[in-house]
Amino acid sequence: MKTKICGMKYPDNILEVGSLLPDYMGFIFWEKSARFFDGYIPNLPQSIKKVGVFVNETVENIIDKVQKNDLQAVQLHGKESVEFCLNLKTEFQNLKLVPIEIIKVFSVADDFDFSVLAPFEAVCDYFLFDTKGKLPGGNGTTFDWKVLENYPSNKPFFLSGGIGIEEMDAVNAILKTNLPVYAIDVNSRFEIEPGLKNVQLCKDALKRIDTDTN
C-alpha cells in the first residue's frame with residue numbers, strides 16, 4: 001500500500017517527513033491555500049515521488065512547476081476537463097516528461113455520480129477521492145466511504161479527505177476489500193499548523209498502515 005503526505009511547506013519539516021520514506025509527498029501550488037508552496041524542495045530520497053497540486057491552472061504553468069521542481073506527478077484538484085487532462089498528457093509526451101503521473105481529484109459527497117469518471121480513465125493514471133467541502137482540499141473531514149462500494153472502475157485511486165490517526169483502523173479495513181485503493185493520502189489531520197507536519201504522528205500512521213496491510 002502506497003502512502004502520500006500532502007501539503008508540505010517548510011524545508012526542515014520536509015526533510016524530517018522525507019526520512020520516514022512515504023511513497024509520495026505533495027506540494028500545493030495554489031496561492032489561496034494556507035499550505036501554498038513557493039520555496040524550494042530540498043533533496044529527498046529518490047524513492048519519494050514529488051507531487052505538485054494544482055487548481056484550475058494552465059498547462060504552461062504546470063509544466064513550468066514540473067520542470068523547476070523536478071516533480072514526478074501532478075494532482076489536478078480543480079474543475080479540469082477531460083480535454084485539459086489530455087492536453088497535459090500530450091505535452092508531457094512531447095517534452096519527454098513521461099512518465100509523470102497525472103492524478104485527477106474528485107470531491108465526493110453521499111450522492112456522488114460515479115459515471116463522470118469514465119471519460120477520465122484514458123487521460124489520467126489515478127483518481128483521488130477527497131471530501132466535498134468549501135475548499136478544494138484540506139477541509140479536515142472524511143466522507144462516507146460506503147459510497148465507494150458503488151465504484152464501477154478498476155482504475156486505482158488515492159483515498160483522501162480528513163484522514164487522521166483515529167481513522168487508521170477504518171483505513172486498514174477498506175484496504176482489505178476488493179476496491180483498487182492504490183494509496184492513502186493524509187494532510188491536515190497530521191499538522192501542528194498548516195503546512196507543518198507532526199513527524200511523530202506521520203511516523204505512527206505509516207507504521208500502522210505498513211504493519212496492518214502486510
# chains A, B, ... in the order shown; residues from 1 in each chain; ligands from 1
$ residues_around --residues "Asp125 of chain A" --least-positions-apart "4" --cutoff "9 Å" --atoms "only C-alpha atoms" --output "list in words"
Glu101, Ile102, Ile103, Lys104, Glu121, Lys155, Pro156 and Phe157 of chain A
$ write_last_selection --atoms "all heavy atoms" --output "mmCIF file, in the first residue's frame"
data_model
loop_
_atom_site.group_PDB
_atom_site.id
_atom_site.type_symbol
_atom_site.label_atom_id
_atom_site.label_comp_id
_atom_site.auth_asym_id
_atom_site.auth_seq_id
_atom_site.Cartn_x
_atom_site.Cartn_y
_atom_site.Cartn_z
ATOM 1 N N GLU A 101 3.148 11.160 -13.566
ATOM 2 C CA GLU A 101 1.802 10.652 -13.305
ATOM 3 C C GLU A 101 0.800 11.801 -13.209
ATOM 4 O O GLU A 101 1.111 12.864 -12.669
ATOM 5 C CB GLU A 101 1.796 9.841 -12.003
ATOM 6 C CG GLU A 101 2.717 8.624 -12.055
ATOM 7 C CD GLU A 101 2.890 7.955 -10.703
ATOM 8 O OE1 GLU A 101 2.333 8.468 -9.703
ATOM 9 O OE2 GLU A 101 3.586 6.922 -10.641
ATOM 10 N N ILE A 102 -0.390 11.565 -13.724
ATOM 11 C CA ILE A 102 -1.487 12.523 -13.611
ATOM 12 C C ILE A 102 -2.543 11.936 -12.685
ATOM 13 O O ILE A 102 -3.065 10.846 -12.929
ATOM 14 C CB ILE A 102 -2.107 12.843 -14.981
ATOM 15 C CG1 ILE A 102 -1.061 13.515 -15.893
ATOM 16 C CG2 ILE A 102 -3.324 13.755 -14.815
ATOM 17 C CD1 ILE A 102 -1.567 13.816 -17.293
ATOM 18 N N ILE A 103 -2.825 12.664 -11.612
ATOM 19 C CA ILE A 103 -3.806 12.252 -10.611
ATOM 20 C C ILE A 103 -4.976 13.226 -10.683
ATOM 21 O O ILE A 103 -4.800 14.422 -10.431
ATOM 22 C CB ILE A 103 -3.201 12.263 -9.191
ATOM 23 C CG1 ILE A 103 -1.921 11.410 -9.139
ATOM 24 C CG2 ILE A 103 -4.218 11.801 -8.153
ATOM 25 C CD1 ILE A 103 -1.068 11.669 -7.895
ATOM 26 N N LYS A 104 -6.150 12.747 -11.021
ATOM 27 C CA LYS A 104 -7.327 13.629 -11.114
ATOM 28 C C LYS A 104 -8.183 13.466 -9.869
ATOM 29 O O LYS A 104 -8.569 12.356 -9.506
ATOM 30 C CB LYS A 104 -8.158 13.317 -12.365
ATOM 31 C CG LYS A 104 -9.381 14.232 -12.515
ATOM 32 C CD LYS A 104 -8.963 15.671 -12.783
ATOM 33 C CE LYS A 104 -10.190 16.619 -12.805
ATOM 34 N NZ LYS A 104 -10.499 17.181 -11.492
ATOM 35 N N GLU A 121 -10.694 8.045 -17.564
ATOM 36 C CA GLU A 121 -9.840 6.870 -17.348
ATOM 37 C C GLU A 121 -8.658 6.817 -18.304
ATOM 38 O O GLU A 121 -7.564 6.392 -17.930
ATOM 39 C CB GLU A 121 -10.675 5.591 -17.448
ATOM 40 C CG GLU A 121 -11.664 5.437 -16.307
ATOM 41 C CD GLU A 121 -12.082 3.997 -16.102
ATOM 42 O OE1 GLU A 121 -11.406 3.096 -16.615
ATOM 43 O OE2 GLU A 121 -13.095 3.789 -15.419
ATOM 44 N N LYS A 155 -9.704 1.391 -12.206
ATOM 45 C CA LYS A 155 -8.650 2.411 -12.115
ATOM 46 C C LYS A 155 -8.251 2.587 -10.648
ATOM 47 O O LYS A 155 -9.086 2.862 -9.788
ATOM 48 C CB LYS A 155 -9.153 3.742 -12.680
ATOM 49 C CG LYS A 155 -8.200 4.909 -12.548
ATOM 50 C CD LYS A 155 -7.001 4.805 -13.477
ATOM 51 C CE LYS A 155 -7.397 5.045 -14.909
ATOM 52 N NZ LYS A 155 -6.194 5.066 -15.807
ATOM 53 N N PRO A 156 -6.966 2.411 -10.320
ATOM 54 C CA PRO A 156 -6.549 2.577 -8.922
ATOM 55 C C PRO A 156 -6.711 4.022 -8.468
ATOM 56 O O PRO A 156 -6.604 4.958 -9.267
ATOM 57 C CB PRO A 156 -5.078 2.152 -8.940
ATOM 58 C CG PRO A 156 -4.652 2.291 -10.355
ATOM 59 C CD PRO A 156 -5.851 2.047 -11.204
ATOM 60 N N PHE A 157 -6.974 4.205 -7.171
ATOM 61 C CA PHE A 157 -7.213 5.549 -6.662
ATOM 62 C C PHE A 157 -6.548 5.796 -5.314
ATOM 63 O O PHE A 157 -6.245 4.870 -4.560
ATOM 64 C CB PHE A 157 -8.716 5.850 -6.576
ATOM 65 C CG PHE A 157 -9.491 4.981 -5.611
ATOM 66 C CD1 PHE A 157 -9.552 5.281 -4.254
ATOM 67 C CD2 PHE A 157 -10.191 3.871 -6.070
ATOM 68 C CE1 PHE A 157 -10.274 4.501 -3.369
ATOM 69 C CE2 PHE A 157 -10.923 3.078 -5.195
ATOM 70 C CZ PHE A 157 -10.963 3.394 -3.841
#
$ select_by_dssp --residues "segment 40-167 of chain A" --states "helix (DSSP H, G or I)" --output "VMD selection string"
chain A and resid 59 to 69 82 to 94 114 to 120 145 to 150 165 to 167
$ write_last_selection --atoms "C-alpha atoms" --output "mmCIF file, in the first residue's frame"
data_model
loop_
_atom_site.group_PDB
_atom_site.id
_atom_site.type_symbol
_atom_site.label_atom_id
_atom_site.label_comp_id
_atom_site.auth_asym_id
_atom_site.auth_seq_id
_atom_site.Cartn_x
_atom_site.Cartn_y
_atom_site.Cartn_z
ATOM 1 C CA VAL A 59 -0.880 23.677 -18.859
ATOM 2 C CA GLU A 60 2.057 26.061 -19.312
ATOM 3 C CA ASN A 61 2.291 26.913 -15.616
ATOM 4 C CA ILE A 62 2.013 23.276 -14.598
ATOM 5 C CA ILE A 63 4.850 22.328 -16.916
ATOM 6 C CA ASP A 64 6.925 25.216 -15.563
ATOM 7 C CA LYS A 65 6.489 23.977 -11.976
ATOM 8 C CA VAL A 66 7.161 20.380 -13.009
ATOM 9 C CA GLN A 67 10.470 21.331 -14.598
ATOM 10 C CA LYS A 68 11.601 23.776 -11.916
ATOM 11 C CA ASN A 69 10.807 21.411 -9.029
ATOM 12 C CA VAL A 82 -11.021 15.530 -19.960
ATOM 13 C CA GLU A 83 -9.660 17.678 -22.796
ATOM 14 C CA PHE A 84 -7.382 19.539 -20.365
ATOM 15 C CA CYS A 85 -6.000 16.281 -18.972
ATOM 16 C CA LEU A 86 -5.401 15.001 -22.500
ATOM 17 C CA ASN A 87 -3.608 18.209 -23.486
ATOM 18 C CA LEU A 88 -1.413 17.980 -20.397
ATOM 19 C CA LYS A 89 -0.643 14.334 -21.056
ATOM 20 C CA THR A 90 0.228 15.143 -24.682
ATOM 21 C CA GLU A 91 2.538 17.984 -23.660
ATOM 22 C CA PHE A 92 4.321 15.701 -21.201
ATOM 23 C CA GLN A 93 4.886 13.239 -24.042
ATOM 24 C CA ASN A 94 6.053 15.934 -26.452
ATOM 25 C CA PHE A 114 -19.503 7.767 -10.475
ATOM 26 C CA SER A 115 -20.448 7.863 -14.160
ATOM 27 C CA VAL A 116 -18.466 11.123 -14.504
ATOM 28 C CA LEU A 117 -15.249 9.145 -14.072
ATOM 29 C CA ALA A 118 -15.393 7.054 -17.238
ATOM 30 C CA PRO A 119 -14.126 9.680 -19.736
ATOM 31 C CA PHE A 120 -11.129 10.432 -17.497
ATOM 32 C CA TRP A 145 -16.519 5.571 2.457
ATOM 33 C CA LYS A 146 -19.500 3.276 1.944
ATOM 34 C CA VAL A 147 -20.236 5.292 -1.195
ATOM 35 C CA LEU A 148 -17.121 3.674 -2.678
ATOM 36 C CA GLU A 149 -18.989 0.377 -2.776
ATOM 37 C CA ASN A 150 -20.520 1.814 -5.967
ATOM 38 C CA ILE A 165 -4.662 8.644 13.182
ATOM 39 C CA GLU A 166 -8.126 7.799 14.546
ATOM 40 C CA GLU A 167 -9.161 6.547 11.107
#
$ select_by_dssp --residues "segment 28-79 of chain A" --states "strand (DSSP E or B)" --output "ChimeraX atom specification"
/A:28,36,49-54,73-76
$ closest_residue --among "A:Leu179, A:Met8, A:Val171, A:Leu21" --to "Arg208 of chain A" --atoms "only C-alpha atoms"
A:Val171
$ residues_around --residues "Gly164 of chain A" --least-positions-apart "6" --cutoff "8 Å" --atoms "only C-alpha atoms" --output "PDB file with all heavy atoms, in the first residue's frame"
ATOM      1  N   VAL A 186      -2.710  11.693   3.361  1.00  0.00           N
ATOM      2  CA  VAL A 186      -3.007  12.422   4.596  1.00  0.00           C
ATOM      3  C   VAL A 186      -2.457  13.838   4.499  1.00  0.00           C
ATOM      4  O   VAL A 186      -1.495  14.107   3.777  1.00  0.00           O
ATOM      5  CB  VAL A 186      -2.439  11.713   5.842  1.00  0.00           C
ATOM      6  CG1 VAL A 186      -3.009  10.303   5.958  1.00  0.00           C
ATOM      7  CG2 VAL A 186      -0.916  11.678   5.821  1.00  0.00           C
ATOM      8  N   ARG A 189      -4.927  16.606   9.160  1.00  0.00           N
ATOM      9  CA  ARG A 189      -5.086  15.984  10.479  1.00  0.00           C
ATOM     10  C   ARG A 189      -3.737  15.568  11.086  1.00  0.00           C
ATOM     11  O   ARG A 189      -3.702  15.039  12.196  1.00  0.00           O
ATOM     12  CB  ARG A 189      -6.005  14.766  10.367  1.00  0.00           C
ATOM     13  CG  ARG A 189      -7.436  15.082   9.930  1.00  0.00           C
ATOM     14  CD  ARG A 189      -8.319  15.534  11.067  1.00  0.00           C
ATOM     15  NE  ARG A 189      -8.419  14.556  12.119  1.00  0.00           N
ATOM     16  CZ  ARG A 189      -9.208  13.482  12.085  1.00  0.00           C
ATOM     17  NH1 ARG A 189      -9.964  13.253  11.027  1.00  0.00           N
ATOM     18  NH2 ARG A 189      -9.249  12.641  13.089  1.00  0.00           N
ATOM     19  N   PHE A 190      -2.658  15.789  10.362  1.00  0.00           N
ATOM     20  CA  PHE A 190      -1.330  15.439  10.856  1.00  0.00           C
ATOM     21  C   PHE A 190      -0.458  16.674  11.025  1.00  0.00           C
ATOM     22  O   PHE A 190       0.764  16.595  10.972  1.00  0.00           O
ATOM     23  CB  PHE A 190      -0.657  14.435   9.904  1.00  0.00           C
ATOM     24  CG  PHE A 190      -1.254  13.063  10.000  1.00  0.00           C
ATOM     25  CD1 PHE A 190      -2.404  12.750   9.290  1.00  0.00           C
ATOM     26  CD2 PHE A 190      -0.712  12.095  10.823  1.00  0.00           C
ATOM     27  CE1 PHE A 190      -2.982  11.496   9.385  1.00  0.00           C
ATOM     28  CE2 PHE A 190      -1.281  10.839  10.933  1.00  0.00           C
ATOM     29  CZ  PHE A 190      -2.419  10.537  10.210  1.00  0.00           C
TER      30      PHE A 190
END
$ atom_distance --atom1 "atom CA of Ala109 of chain A" --atom2 "atom CA of Ile209 of chain A"
25.0 Å
$ atom_distance --atom1 "atom CA of Ser160 of chain A" --atom2 "atom CA of Phe106 of chain A"
10.1 Å
$ atom_distance --atom1 "atom CA of Asp204 of chain A" --atom2 "atom CA of Ile28 of chain A"
23.7 Å
